[in-house]
file model_8.csv (CSV, C-alpha atoms)
chain,number,residue,atom,x,y,z
A,1,MET,CA,2.1,4.7,-44.4
A,2,ASP,CA,2.0,1.2,-42.9
A,3,PHE,CA,-0.1,1.1,-39.7
A,4,GLU,CA,0.5,-2.7,-39.1
A,5,LEU,CA,2.9,-4.0,-36.5
A,6,ASN,CA,5.9,-5.8,-37.9
A,7,GLU,CA,6.6,-9.5,-37.2
A,8,ASP,CA,8.8,-8.9,-34.2
A,9,GLN,CA,6.3,-6.5,-32.7
A,10,THR,CA,3.4,-8.8,-33.2
A,11,ILE,CA,5.3,-11.7,-31.6
A,12,PHE,CA,6.2,-9.5,-28.6
A,13,TYR,CA,2.6,-8.3,-28.2
A,14,ASP,CA,1.2,-11.8,-28.5
A,15,THR,CA,3.7,-13.2,-26.0
A,16,VAL,CA,2.9,-10.6,-23.4
A,17,LYS,CA,-0.8,-10.9,-24.0
A,18,LYS,CA,-0.7,-14.7,-23.5
A,19,PHE,CA,1.3,-14.4,-20.3
A,20,ALA,CA,-1.2,-11.9,-19.0
A,21,GLN,CA,-4.2,-14.2,-19.9
A,22,LYS,CA,-2.5,-17.1,-18.2
A,23,GLU,CA,-1.1,-15.4,-15.1
A,24,LEU,CA,-3.1,-12.2,-14.5
A,25,ALA,CA,-6.7,-12.6,-15.8
A,26,GLU,CA,-8.1,-14.7,-13.0
A,27,ALA,CA,-7.3,-12.3,-10.2
A,28,ALA,CA,-7.9,-9.1,-12.3
A,29,LEU,CA,-11.0,-8.1,-10.3
A,30,GLU,CA,-9.3,-8.8,-6.9
A,31,ARG,CA,-6.2,-6.9,-7.9
A,32,ALA,CA,-8.3,-3.9,-9.0
A,33,HIS,CA,-9.9,-3.6,-5.5
A,34,SER,CA,-6.7,-4.1,-3.6
A,35,ASP,CA,-5.0,-1.1,-1.9
A,36,ALA,CA,-1.7,-2.8,-2.1
A,37,TYR,CA,0.8,-2.3,-4.9
A,38,PRO,CA,1.1,-5.6,-6.8
A,39,TRP,CA,4.7,-6.5,-6.0
A,40,ASP,CA,4.2,-10.1,-7.1
A,41,VAL,CA,3.3,-8.9,-10.6
A,42,ALA,CA,6.2,-6.4,-10.6
A,43,GLU,CA,8.7,-9.2,-9.9
A,44,LYS,CA,7.2,-11.4,-12.7
A,45,PHE,CA,7.4,-8.5,-15.1
A,46,ALA,CA,11.0,-7.9,-14.1
A,47,GLU,CA,11.8,-11.5,-14.9
A,48,MET,CA,10.2,-11.1,-18.3
A,49,GLY,CA,12.1,-7.9,-19.1
A,50,LEU,CA,9.1,-5.7,-19.1
A,51,LEU,CA,10.5,-3.1,-16.7
A,52,GLY,CA,13.1,-0.7,-18.0
A,53,ILE,CA,12.2,-1.3,-21.7
A,54,THR,CA,12.6,2.4,-22.4
A,55,VAL,CA,16.0,2.6,-20.6
A,56,PRO,CA,19.1,2.0,-22.7
A,57,GLU,CA,21.3,-1.0,-21.9
A,58,ASN,CA,24.3,1.2,-21.1
A,59,LYS,CA,22.1,2.9,-18.4
A,60,GLY,CA,21.0,-0.3,-16.8
A,61,GLY,CA,17.8,-1.0,-18.8
A,62,ILE,CA,16.5,-3.4,-21.4
A,63,GLY,CA,17.3,-1.1,-24.3
A,64,GLY,CA,14.0,-1.7,-26.2
A,65,THR,CA,11.9,0.9,-28.1
A,66,LEU,CA,9.1,3.2,-27.0
A,67,MET,CA,6.8,1.1,-29.2
A,68,ASP,CA,7.8,-2.0,-27.3
A,69,ALA,CA,6.8,-0.3,-24.0
A,70,VAL,CA,3.5,0.8,-25.4
A,71,LEU,CA,2.7,-2.6,-26.7
A,72,ALA,CA,3.6,-4.2,-23.4
A,73,ILE,CA,1.4,-1.8,-21.4
A,74,GLN,CA,-1.6,-2.3,-23.8
A,75,ALA,CA,-1.2,-6.1,-23.9
A,76,VAL,CA,-1.4,-6.2,-20.1
A,77,ALA,CA,-4.1,-3.5,-19.7
A,78,GLU,CA,-6.4,-5.4,-22.1
A,79,VAL,CA,-6.3,-8.4,-19.6
A,80,CYS,CA,-5.7,-6.9,-16.2
A,81,PRO,CA,-6.0,-3.1,-16.0
A,82,ARG,CA,-4.4,-2.8,-12.6
A,83,SER,CA,-1.3,-4.7,-13.6
A,84,ALA,CA,-0.7,-2.2,-16.4
A,85,ASP,CA,0.2,0.3,-13.8
A,86,VAL,CA,3.3,-1.7,-13.0
A,87,VAL,CA,4.4,-1.5,-16.6
A,88,GLN,CA,3.8,2.2,-16.5
A,89,ALA,CA,5.8,2.7,-13.3
A,90,GLY,CA,8.8,0.7,-14.8
A,91,ASN,CA,9.0,2.5,-18.1
A,92,PHE,CA,7.4,5.9,-18.0
A,93,GLY,CA,7.2,9.0,-15.8
A,94,ALA,CA,9.7,9.4,-12.9
A,95,VAL,CA,11.9,6.3,-13.7
A,96,ARG,CA,12.3,7.3,-17.4
A,97,THR,CA,13.3,10.9,-16.5
A,98,PHE,CA,15.6,9.6,-13.8
A,99,ALA,CA,17.3,7.1,-16.1
A,100,GLU,CA,17.8,9.8,-18.8
A,101,TYR,CA,19.5,12.4,-16.6
A,102,ALA,CA,21.0,10.5,-13.6
A,103,ASN,CA,24.7,10.0,-13.3
A,104,GLN,CA,26.2,6.5,-13.2
A,105,GLU,CA,26.4,6.4,-9.4
A,106,GLN,CA,22.8,7.4,-9.0
A,107,ARG,CA,21.6,4.8,-11.5
A,108,GLU,CA,23.6,2.1,-9.7
A,109,ARG,CA,22.0,3.1,-6.4
A,110,PHE,CA,18.4,3.0,-7.4
A,111,LEU,CA,17.7,1.3,-10.8
A,112,PRO,CA,18.5,-2.3,-9.9
A,113,ARG,CA,15.7,-2.5,-7.2
A,114,ILE,CA,13.2,-0.5,-9.3
A,115,LEU,CA,13.8,-2.5,-12.5
A,116,GLY,CA,13.9,-5.7,-10.4
A,117,GLY,CA,10.3,-5.1,-9.3
A,118,LYS,CA,11.3,-4.6,-5.7
A,119,ALA,CA,10.9,-0.8,-5.4
A,120,VAL,CA,9.0,2.0,-7.1
A,121,MET,CA,9.8,5.7,-7.7
A,122,SER,CA,7.4,8.5,-7.2
A,123,VAL,CA,7.5,12.0,-8.6
A,124,GLY,CA,7.0,15.1,-6.4
A,125,MET,CA,5.8,17.8,-8.8
A,126,SER,CA,2.4,19.2,-7.9
A,127,GLU,CA,1.9,21.4,-4.9
A,128,PRO,CA,-1.1,22.9,-3.1
A,129,GLU,CA,-0.6,26.1,-5.1
A,130,ALA,CA,1.1,24.7,-8.2
A,131,GLY,CA,-0.8,22.1,-10.3
A,132,SER,CA,-1.1,22.8,-14.0
A,133,ALA,CA,1.0,25.9,-13.3
A,134,VAL,CA,3.9,23.8,-12.2
A,135,THR,CA,6.5,26.6,-12.6
A,136,GLU,CA,4.8,28.3,-9.6
A,137,LEU,CA,6.2,25.6,-7.3
A,138,ARG,CA,7.5,26.8,-3.9
A,139,THR,CA,9.5,23.9,-2.5
A,140,THR,CA,13.0,25.3,-2.1
A,141,ALA,CA,16.4,23.7,-2.2
A,142,ARG,CA,19.4,25.5,-0.6
A,143,VAL,CA,22.9,24.1,-1.0
A,144,ASP,CA,24.8,24.2,2.3
A,145,GLY,CA,28.3,22.8,1.8
A,146,GLU,CA,27.9,19.1,0.9
A,147,GLU,CA,24.2,19.1,1.8
A,148,VAL,CA,21.0,20.4,0.3
A,149,ILE,CA,18.2,21.7,2.6
A,150,LEU,CA,14.7,21.3,1.4
A,151,ASN,CA,11.5,23.0,2.6
A,152,GLY,CA,8.0,22.8,1.2
A,153,SER,CA,5.4,20.1,0.3
A,154,LYS,CA,4.1,18.0,-2.6
A,155,ILE,CA,0.7,16.5,-3.4
A,156,PHE,CA,-0.9,14.1,-5.9
A,157,GLY,CA,2.2,11.9,-6.4
A,158,THR,CA,1.4,8.5,-7.9
A,159,HIS,CA,2.9,5.7,-5.8
A,160,SER,CA,3.8,8.2,-3.0
A,161,ALA,CA,2.3,5.9,-0.4
A,162,GLU,CA,4.7,3.0,-1.2
A,163,ALA,CA,7.7,4.6,-3.0
A,164,GLU,CA,11.2,4.0,-1.9
A,165,VAL,CA,12.7,7.1,-3.6
A,166,PHE,CA,11.1,10.3,-4.8
A,167,LEU,CA,12.1,12.5,-7.7
A,168,VAL,CA,11.3,15.9,-6.4
A,169,TYR,CA,11.0,19.2,-8.4
A,170,VAL,CA,12.5,22.0,-6.4
A,171,ARG,CA,13.4,25.7,-6.6
A,172,PHE,CA,17.1,26.5,-6.3
A,173,ALA,CA,16.5,30.1,-7.3
A,174,GLU,CA,13.7,32.4,-8.7
A,175,GLY,CA,12.2,32.0,-12.1
A,176,VAL,CA,11.9,29.0,-14.4
A,177,GLY,CA,15.7,28.9,-14.7
A,178,GLY,CA,16.0,28.3,-11.0
A,179,ILE,CA,14.0,25.0,-11.0
A,180,GLY,CA,15.7,21.6,-10.8
A,181,SER,CA,15.2,18.3,-9.1
A,182,VAL,CA,16.6,16.1,-6.4
A,183,LEU,CA,16.3,12.5,-5.2
A,184,VAL,CA,14.9,12.0,-1.7
A,185,THR,CA,14.7,8.5,-0.1
A,186,ARG,CA,12.1,7.4,2.4
A,187,GLY,CA,13.3,8.1,5.9
A,188,ALA,CA,15.5,11.1,5.0
A,189,PRO,CA,15.9,13.5,8.0
A,190,GLY,CA,13.2,16.1,7.9
A,191,PHE,CA,11.1,14.2,5.3
A,192,THR,CA,7.6,13.2,6.3
A,193,ILE,CA,5.1,11.2,4.3
A,194,GLY,CA,1.6,12.0,5.2
A,195,LYS,CA,-1.4,9.6,5.8
A,196,PRO,CA,-2.5,8.2,2.4
A,197,SER,CA,-5.7,9.7,1.0
A,198,ALA,CA,-8.1,7.6,-1.1
A,199,PHE,CA,-8.9,8.8,-4.7
A,200,MET,CA,-11.7,7.9,-7.0
A,201,ASN,CA,-9.4,5.9,-9.3
A,202,GLY,CA,-8.8,3.5,-6.4
A,203,GLU,CA,-5.3,4.7,-5.7
A,204,HIS,CA,-3.9,6.1,-2.4
A,205,TRP,CA,-1.5,9.0,-2.5
A,206,SER,CA,0.3,10.8,0.4
A,207,GLN,CA,1.2,14.4,0.8
A,208,LEU,CA,5.0,14.9,1.2
A,209,TYR,CA,6.4,17.4,3.7
A,210,PHE,CA,10.0,18.7,3.7
A,211,GLU,CA,11.0,20.6,6.9
A,212,ASP,CA,14.7,21.4,6.8
A,213,CYS,CA,15.1,18.1,5.1
A,214,ARG,CA,18.8,17.4,4.5
A,215,ILE,CA,20.1,15.3,1.6
A,216,SER,CA,23.5,15.0,0.0
A,217,THR,CA,24.5,17.1,-2.9
A,218,ALA,CA,25.1,13.7,-4.6
A,219,ASP,CA,21.3,13.5,-4.7
A,220,ILE,CA,20.9,16.4,-7.0
A,221,LEU,CA,19.5,15.1,-10.3
A,222,LEU,CA,19.3,18.3,-12.3
A,223,GLY,CA,20.4,21.6,-10.8
A,224,PRO,CA,19.2,25.1,-11.7
A,225,GLY,CA,18.1,25.3,-15.3
A,226,GLY,CA,17.0,21.6,-15.5
A,227,PHE,CA,13.3,22.3,-15.7
A,228,LYS,CA,13.0,22.1,-19.5
A,229,LYS,CA,14.9,18.8,-19.6
A,230,GLN,CA,12.7,17.3,-16.9
A,231,ILE,CA,9.4,18.4,-18.4
A,232,SER,CA,10.4,17.1,-21.9
A,233,GLY,CA,10.6,13.7,-20.4
A,234,PHE,CA,7.0,13.8,-19.5
A,235,ASN,CA,6.0,13.9,-23.1
A,236,VAL,CA,7.0,10.2,-23.0
A,237,GLU,CA,5.1,9.7,-19.8
A,238,ARG,CA,2.0,11.1,-21.5
A,239,LEU,CA,2.2,8.3,-24.1
A,240,GLY,CA,2.2,5.7,-21.3
A,241,ASN,CA,-0.9,7.4,-19.8
A,242,ALA,CA,-2.5,7.5,-23.3
A,243,ALA,CA,-1.7,3.8,-23.9
A,244,ARG,CA,-3.3,2.7,-20.7
A,245,ALA,CA,-6.4,4.9,-21.2
A,246,VAL,CA,-7.3,3.5,-24.7
A,247,ALA,CA,-6.4,0.0,-23.7
A,248,VAL,CA,-8.6,0.1,-20.5
A,249,GLY,CA,-11.4,1.5,-22.7
A,250,ARG,CA,-11.0,-1.5,-25.0
A,251,TYR,CA,-11.1,-3.8,-21.9
A,252,ALA,CA,-14.5,-2.3,-20.9
A,253,PHE,CA,-15.6,-2.5,-24.5
A,254,GLY,CA,-14.9,-6.2,-24.5
A,255,LEU,CA,-16.9,-6.7,-21.4
A,256,ALA,CA,-19.9,-4.9,-22.9
A,257,ARG,CA,-19.6,-6.7,-26.2
A,258,ASP,CA,-19.6,-10.2,-24.5
A,259,HIS,CA,-22.6,-9.1,-22.4
A,260,ALA,CA,-24.5,-7.8,-25.5
A,261,MET,CA,-24.0,-11.1,-27.3
A,262,THR,CA,-25.2,-13.3,-24.5
A,263,ARG,CA,-27.7,-11.2,-22.5
A,264,LYS,CA,-31.4,-11.3,-23.6
A,265,GLN,CA,-34.2,-8.8,-23.0
A,266,PHE,CA,-37.7,-9.0,-24.6
A,267,ASP,CA,-36.6,-12.4,-26.0
A,268,ARG,CA,-33.8,-10.8,-28.1
A,269,ASP,CA,-30.0,-10.5,-27.7
A,270,LEU,CA,-29.0,-7.1,-26.6
A,271,CYS,CA,-26.8,-6.7,-29.7
A,272,GLU,CA,-30.0,-6.7,-31.8
A,273,PHE,CA,-31.2,-3.4,-30.5
A,274,GLN,CA,-30.1,-0.5,-32.7
A,275,GLY,CA,-29.6,1.9,-29.8
A,276,LEU,CA,-26.9,-0.4,-28.4
A,277,GLN,CA,-25.4,-1.0,-31.9
A,278,TRP,CA,-24.9,2.7,-32.3
A,279,LYS,CA,-23.2,2.9,-28.9
A,280,PHE,CA,-20.7,0.2,-30.0
A,281,ALA,CA,-20.1,1.9,-33.3
A,282,ASP,CA,-19.3,5.2,-31.6
A,283,MET,CA,-17.0,3.5,-29.2
A,284,ALA,CA,-15.2,1.6,-31.9
A,285,VAL,CA,-14.6,4.8,-34.0
A,286,LYS,CA,-13.2,6.7,-31.0
A,287,LEU,CA,-11.0,3.9,-29.8
A,288,GLU,CA,-9.6,3.2,-33.3
A,289,ALA,CA,-8.9,6.8,-34.0
A,290,ALA,CA,-7.2,7.4,-30.7
A,291,GLN,CA,-5.1,4.3,-31.1
A,292,LEU,CA,-3.9,5.6,-34.5
A,293,LEU,CA,-2.9,9.0,-33.0
A,294,LEU,CA,-1.1,7.2,-30.3
A,295,MET,CA,0.9,5.1,-32.7
A,296,ARG,CA,1.7,8.1,-34.9
A,297,ALA,CA,3.2,9.9,-31.9
A,298,VAL,CA,5.2,6.8,-30.9
A,299,VAL,CA,6.5,6.2,-34.5
A,300,LYS,CA,7.5,9.9,-34.9
A,301,SER,CA,9.4,9.8,-31.6
A,302,GLU,CA,11.5,6.8,-32.4
A,303,GLN,CA,14.4,9.1,-33.4
A,304,GLY,CA,14.1,11.2,-30.3
A,305,LEU,CA,11.7,12.6,-27.7
A,306,PRO,CA,8.2,13.0,-29.1
A,307,SER,CA,6.9,16.5,-29.7
A,308,ALA,CA,4.6,18.2,-27.3
A,309,HIS,CA,2.0,18.7,-30.1
A,310,ASP,CA,1.9,15.0,-31.1
A,311,THR,CA,1.8,13.8,-27.5
A,312,ALA,CA,-1.0,16.3,-26.6
A,313,LEU,CA,-3.1,15.1,-29.5
A,314,ALA,CA,-2.5,11.4,-28.6
A,315,LYS,CA,-3.2,11.8,-24.9
A,316,LEU,CA,-6.3,14.0,-25.4
A,317,ALA,CA,-7.8,11.5,-27.9
A,318,CYS,CA,-6.9,8.5,-25.8
A,319,ASN,CA,-8.2,10.0,-22.6
A,320,GLU,CA,-11.5,11.0,-24.1
A,321,ALA,CA,-12.0,7.8,-26.0
A,322,GLY,CA,-11.0,5.5,-23.1
A,323,PHE,CA,-13.4,7.3,-20.7
A,324,PHE,CA,-16.2,7.4,-23.3
A,325,ALA,CA,-15.9,3.6,-24.0
A,326,ALA,CA,-15.7,2.7,-20.3
A,327,ASN,CA,-18.7,4.9,-19.4
A,328,GLU,CA,-20.8,3.6,-22.3
A,329,SER,CA,-19.8,0.0,-21.6
A,330,MET,CA,-20.9,0.4,-18.0
A,331,GLN,CA,-24.3,1.8,-19.2
A,332,ILE,CA,-24.7,-1.3,-21.5
A,333,LEU,CA,-23.9,-3.7,-18.7
A,334,GLY,CA,-26.5,-2.0,-16.5
A,335,GLY,CA,-26.6,-2.9,-12.8
A,336,ILE,CA,-23.9,-5.5,-13.2
A,337,GLY,CA,-21.5,-2.9,-14.7
A,338,PHE,CA,-22.3,-0.4,-11.9
A,339,SER,CA,-21.4,-3.0,-9.2
A,340,GLU,CA,-18.0,-3.9,-7.8
A,341,GLU,CA,-18.6,-7.4,-9.2
A,342,SER,CA,-17.6,-6.0,-12.6
A,343,LEU,CA,-14.4,-4.2,-13.7
A,344,ALA,CA,-16.5,-1.9,-15.8
A,345,GLN,CA,-17.0,0.7,-13.1
A,346,TYR,CA,-13.3,0.4,-12.2
A,347,CYS,CA,-12.4,1.2,-15.9
A,348,VAL,CA,-14.7,4.3,-15.7
A,349,ARG,CA,-12.9,5.5,-12.5
A,350,ARG,CA,-9.4,4.8,-13.9
A,351,THR,CA,-10.0,6.5,-17.3
A,352,ARG,CA,-11.6,9.5,-15.6
A,353,GLY,CA,-8.5,10.1,-13.5
A,354,TRP,CA,-6.2,10.1,-16.5
A,355,MET,CA,-8.2,13.1,-17.9
A,356,ILE,CA,-6.6,15.0,-15.0
A,357,ALA,CA,-3.3,13.3,-14.3
A,358,GLY,CA,-0.2,13.8,-16.5
A,359,GLY,CA,-1.7,17.0,-18.0
A,360,SER,CA,-5.4,17.8,-17.9
A,361,ILE,CA,-7.4,17.7,-21.1
A,362,GLU,CA,-7.8,21.4,-20.9
A,363,ILE,CA,-4.0,21.9,-20.8
A,364,LEU,CA,-3.7,19.5,-23.6
A,365,LYS,CA,-6.1,21.5,-25.7
A,366,ASN,CA,-4.0,24.6,-25.0
A,367,ARG,CA,-0.9,22.7,-26.3
A,368,VAL,CA,-2.8,21.5,-29.5
A,369,ALA,CA,-3.9,25.1,-30.1
A,370,GLU,CA,-0.2,26.2,-29.8
A,371,GLY,CA,0.7,23.7,-32.5
A,372,ILE,CA,-2.1,24.9,-34.7
A,373,PHE,CA,-1.1,28.5,-34.5
A,374,GLU,CA,2.7,27.9,-34.1
A,375,ARG,CA,3.0,30.2,-31.2
A,376,ARG,CA,2.8,30.0,-27.4
A,377,PHE,CA,-0.2,31.3,-25.5
A,378,SER,CA,0.6,32.4,-21.9
A,379,GLN,CA,-2.1,31.5,-19.4
A,380,ARG,CA,-0.9,34.2,-17.1
A,381,PRO,CA,-2.6,37.7,-17.0
A,382,PRO,CA,-0.8,40.4,-19.0
A,383,ARG,CA,1.6,42.6,-16.9
A,384,MET,CA,0.5,46.1,-16.2
A,385,LYS,CA,2.4,48.6,-18.2
A,386,THR,CA,4.1,51.4,-16.2
A,387,ASN,CA,5.1,54.8,-17.4
A,388,ALA,CA,8.8,55.4,-17.4
call {"tool": "encode", "arguments": {"input": "model_8.csv", "output": "structure tokens"}}
result
Amino acid sequence: MDFELNEDQTIFYDTVKKFAQKELAEAALERAHSDAYPWDVAEKFAEMGLLGITVPENKGGIGGTLMDAVLAIQAVAEVCPRSADVVQAGNFGAVRTFAEYANQEQRERFLPRILGGKAVMSVGMSEPEAGSAVTELRTTARVDGEEVILNGSKIFGTHSAEAEVFLVYVRFAEGVGGIGSVLVTRGAPGFTIGKPSAFMNGEHWSQLYFEDCRISTADILLGPGGFKKQISGFNVERLGNAARAVAVGRYAFGLARDHAMTRKQFDRDLCEFQGLQWKFADMAVKLEAAQLLLMRAVVKSEQGLPSAHDTALAKLACNEAGFFAANESMQILGGIGFSEESLAQYCVRRTRGWMIAGGSIEILKNRVAEGIFERRFSQRPPRMKTNA
């Protein structure tokens, strides 16, 4: 099996990396500490064709491959970790699921602004009582003539503070088969966006409230029975998450490596101390192994959506390797790495968040176990048997 990039992929990766080094590197620290979404970066990426890579041309996108999107996100993350979020938002998660299942009218309404770097889409999935157990969601959707009436709330939605449109998971009826999704625009009647809350990773997310919120039936993305289609799209989202995690870990690794080669203690370069050499060796092994699992999942998915098992393995490995490398790098950098003068601590916070977002590492381990034993393991308690 060939693990090397082909010529076109290498040229693409190098081109994006050079652009990032020229246009993004200088303000990387400032961008990481800013609360604002980097709209200027989004418009630059749109001009380069880095948004909508995973969306087919006949659906309004660039029509590239999943590998192209992963290479783009990693080339950017290795130079400016914060800007990689823009590549993620324009290729994975909500926008990818939307583009896959939206009808022509819906795509024409929303995709041009999103892929033009002028708007962003957020997903409303998690609820106060439905996180990992997302099928327990309680936000309801009731069709009333040509309208849909929504009631409920959502939390932990990436980009919820600045999004223009929200892909919201709702319950049309009881059971998993009753779950579908709708599109809700900012300002819709009965839709309130709460005050943004600050999170450890530097992002600000808002709780969403639906109180007899009325939208058109034309805003139904997938009706009852659409849950499995929607959730399968998040296997792709997990690869975007994994790609950022391992790339941000490599960014921190680079900071620590440069520091160890130039910083002296006891009249010796830091890299001469075996204790630190072993840290770098451990980081290198974990990062390289995680990257290979990521690439394997991407290559195997080129003919369709990646499997839950492959994406779980990749995200688990990349999340753990990224955080390990960022945390060890911050330790090597000492006080400098712990301060906001360095991006090392930002990398620690970012990689730590991805161990929860997009499928926690515990849930991923459950998925890996299911692949090992080729059976599903329900996390719900067994039902009590009753005598007939």
call {"tool": "closest_atom_pairs", "arguments": {"input": "model_8.csv", "of": "range 49-140 of chain A", "to": "range 2-24 of chain A", "cutoff": "6 Å", "atoms": "all atoms listed in the file", "output": "JSON lines"}}
result
{"residue": "A:Leu71", "atom": "CA", "partner": "A:Tyr13", "partner_atom": "CA", "distance": 5.9}
{"residue": "A:Ala75", "atom": "CA", "partner": "A:Lys17", "partner_atom": "CA", "distance": 4.8}
{"residue": "A:Val76", "atom": "CA", "partner": "A:Ala20", "partner_atom": "CA", "distance": 5.8}
call {"tool": "write_last_selection", "arguments": {"input": "model_8.csv", "atoms": "C-alpha atoms", "output": "PDB file, in the coordinates of the input"}}
result
ATOM      1  CA  LEU A  71       2.700  -2.600 -26.700  1.00  0.00           C
ATOM      2  CA  ALA A  75      -1.200  -6.100 -23.900  1.00  0.00           C
ATOM      3  CA  VAL A  76      -1.400  -6.200 -20.100  1.00  0.00           C
TER       4      VAL A  76
END
call {"tool": "closest_atom_pairs", "arguments": {"input": "model_8.csv", "of": "range 72-150 of chain A", "to": "range 161-169 of chain A", "cutoff": "12 Å", "atoms": "all atoms listed in the file", "output": "JSON lines"}}
result
{"residue": "A:Ala89", "atom": "CA", "partner": "A:Ala163", "partner_atom": "CA", "distance": 10.6}
{"residue": "A:Gly93", "atom": "CA", "partner": "A:Leu167", "partner_atom": "CA", "distance": 10.1}
{"residue": "A:Ala94", "atom": "CA", "partner": "A:Leu167", "partner_atom": "CA", "distance": 6.5}
{"residue": "A:Val95", "atom": "CA", "partner": "A:Leu167", "partner_atom": "CA", "distance": 8.6}
{"residue": "A:Arg96", "atom": "CA", "partner": "A:Leu167", "partner_atom": "CA", "distance": 11.0}
{"residue": "A:Thr97", "atom": "CA", "partner": "A:Leu167", "partner_atom": "CA", "distance": 9.0}
{"residue": "A:Phe98", "atom": "CA", "partner": "A:Leu167", "partner_atom": "CA", "distance": 7.6}
{"residue": "A:Ala99", "atom": "CA", "partner": "A:Leu167", "partner_atom": "CA", "distance": 11.3}
{"residue": "A:Tyr101", "atom": "CA", "partner": "A:Leu167", "partner_atom": "CA", "distance": 11.6}
{"residue": "A:Ala102", "atom": "CA", "partner": "A:Leu167", "partner_atom": "CA", "distance": 10.9}
{"residue": "A:Gln106", "atom": "CA", "partner": "A:Val165", "partner_atom": "CA", "distance": 11.5}
{"residue": "A:Arg109", "atom": "CA", "partner": "A:Val165", "partner_atom": "CA", "distance": 10.5}
{"residue": "A:Phe110", "atom": "CA", "partner": "A:Val165", "partner_atom": "CA", "distance": 8.0}
{"residue": "A:Leu111", "atom": "CA", "partner": "A:Val165", "partner_atom": "CA", "distance": 10.5}
{"residue": "A:Arg113", "atom": "CA", "partner": "A:Glu164", "partner_atom": "CA", "distance": 9.5}
{"residue": "A:Ile114", "atom": "CA", "partner": "A:Glu164", "partner_atom": "CA", "distance": 8.9}
{"residue": "A:Gly117", "atom": "CA", "partner": "A:Glu164", "partner_atom": "CA", "distance": 11.8}
{"residue": "A:Lys118", "atom": "CA", "partner": "A:Glu164", "partner_atom": "CA", "distance": 9.4}
{"residue": "A:Ala119", "atom": "CA", "partner": "A:Glu164", "partner_atom": "CA", "distance": 5.9}
{"residue": "A:Val120", "atom": "CA", "partner": "A:Ala163", "partner_atom": "CA", "distance": 5.0}
{"residue": "A:Met121", "atom": "CA", "partner": "A:Val165", "partner_atom": "CA", "distance": 5.2}
{"residue": "A:Ser122", "atom": "CA", "partner": "A:Phe166", "partner_atom": "CA", "distance": 4.8}
{"residue": "A:Val123", "atom": "CA", "partner": "A:Leu167", "partner_atom": "CA", "distance": 4.7}
{"residue": "A:Gly124", "atom": "CA", "partner": "A:Val168", "partner_atom": "CA", "distance": 4.4}
{"residue": "A:Met125", "atom": "CA", "partner": "A:Tyr169", "partner_atom": "CA", "distance": 5.4}
{"residue": "A:Ser126", "atom": "CA", "partner": "A:Tyr169", "partner_atom": "CA", "distance": 8.6}
{"residue": "A:Glu127", "atom": "CA", "partner": "A:Tyr169", "partner_atom": "CA", "distance": 10.0}
{"residue": "A:Ala130", "atom": "CA", "partner": "A:Tyr169", "partner_atom": "CA", "distance": 11.3}
{"residue": "A:Val134", "atom": "CA", "partner": "A:Tyr169", "partner_atom": "CA", "distance": 9.3}
{"residue": "A:Thr135", "atom": "CA", "partner": "A:Tyr169", "partner_atom": "CA", "distance": 9.6}
{"residue": "A:Glu136", "atom": "CA", "partner": "A:Tyr169", "partner_atom": "CA", "distance": 11.1}
{"residue": "A:Leu137", "atom": "CA", "partner": "A:Tyr169", "partner_atom": "CA", "distance": 8.1}
{"residue": "A:Arg138", "atom": "CA", "partner": "A:Tyr169", "partner_atom": "CA", "distance": 9.5}
{"residue": "A:Thr139", "atom": "CA", "partner": "A:Tyr169", "partner_atom": "CA", "distance": 7.7}
{"residue": "A:Thr140", "atom": "CA", "partner": "A:Tyr169", "partner_atom": "CA", "distance": 9.0}
{"residue": "A:Ala141", "atom": "CA", "partner": "A:Tyr169", "partner_atom": "CA", "distance": 9.4}
{"residue": "A:Leu150", "atom": "CA", "partner": "A:Val168", "partner_atom": "CA", "distance": 10.1}
call {"tool": "residues_near_point", "arguments": {"input": "model_8.csv", "point": "(-14.6, 5.8, -24.1)", "cutoff": "9 Å", "atoms": "all atoms listed in the file", "output": "number ranges by chain"}}
result
A: 245-246, 249-250, 252-253, 282-284, 286-287, 318-329, 348, 351
call {"tool": "atom_distance", "arguments": {"input": "model_8.csv", "atom1": "CA of Glu47 in chain A", "atom2": "CA of Ser83 in chain A"}}
result
14.8 Å
call {"tool": "atom_distance", "arguments": {"input": "model_8.csv", "atom1": "CA of Gly61 in chain A", "atom2": "CA of Asn91 in chain A"}}
result
9.5 Å
call {"tool": "atom_distance", "arguments": {"input": "model_8.csv", "atom1": "CA of Arg82 in chain A", "atom2": "CA of Arg31 in chain A"}}
result
6.5 Å
call {"tool": "residues_around", "arguments": {"input": "model_8.csv", "residues": "range 299-302 of chain A", "least_positions_apart": "5", "cutoff": "8 Å", "atoms": "all atoms listed in the file", "output": "number ranges by chain"}}
result
A: 65-67, 307
call {"tool": "residues_around", "arguments": {"input": "model_8.csv", "residues": "Glu43 in chain A", "least_positions_apart": "3", "cutoff": "9 Å", "atoms": "only C-alpha atoms", "output": "ChimeraX atom specification"}}
result
/A:38-40,46-48,115-118
call {"tool": "closest_residue", "arguments": {"input": "model_8.csv", "among": "A:Gly175, A:Gly187, A:Gly353, A:Gly337", "to": "His259 in chain A", "atoms": "all atoms listed in the file"}}
result
A:Gly337
call {"tool": "residues_around", "arguments": {"input": "model_8.csv", "residues": "range 196-202 of chain A", "least_positions_apart": "3", "cutoff": "10 Å", "atoms": "all atoms listed in the file", "output": "MDAnalysis selection string"}}
result
chainID A and resid 32:35 82 156 160:162 193 205:207 345:354
call {"tool": "closest_atom_pairs", "arguments": {"input": "model_8.csv", "of": "range 26-120 of chain A", "to": "range 233-243 of chain A", "cutoff": "7 Å", "atoms": "only C-alpha atoms", "output": "Markdown table"}}
result
| residue | atom | partner | partner_atom | distance |
| --- | --- | --- | --- | --- |
| A:Val70 | CA | A:Ala243 | CA | 6.2 |
| A:Ile73 | CA | A:Ala243 | CA | 6.9 |
| A:Gln74 | CA | A:Ala243 | CA | 6.1 |
| A:Gln88 | CA | A:Gly240 | CA | 6.2 |
| A:Phe92 | CA | A:Glu237 | CA | 4.8 |
| A:Gly93 | CA | A:Glu237 | CA | 4.6 |
| A:Thr97 | CA | A:Gly233 | CA | 5.5 |
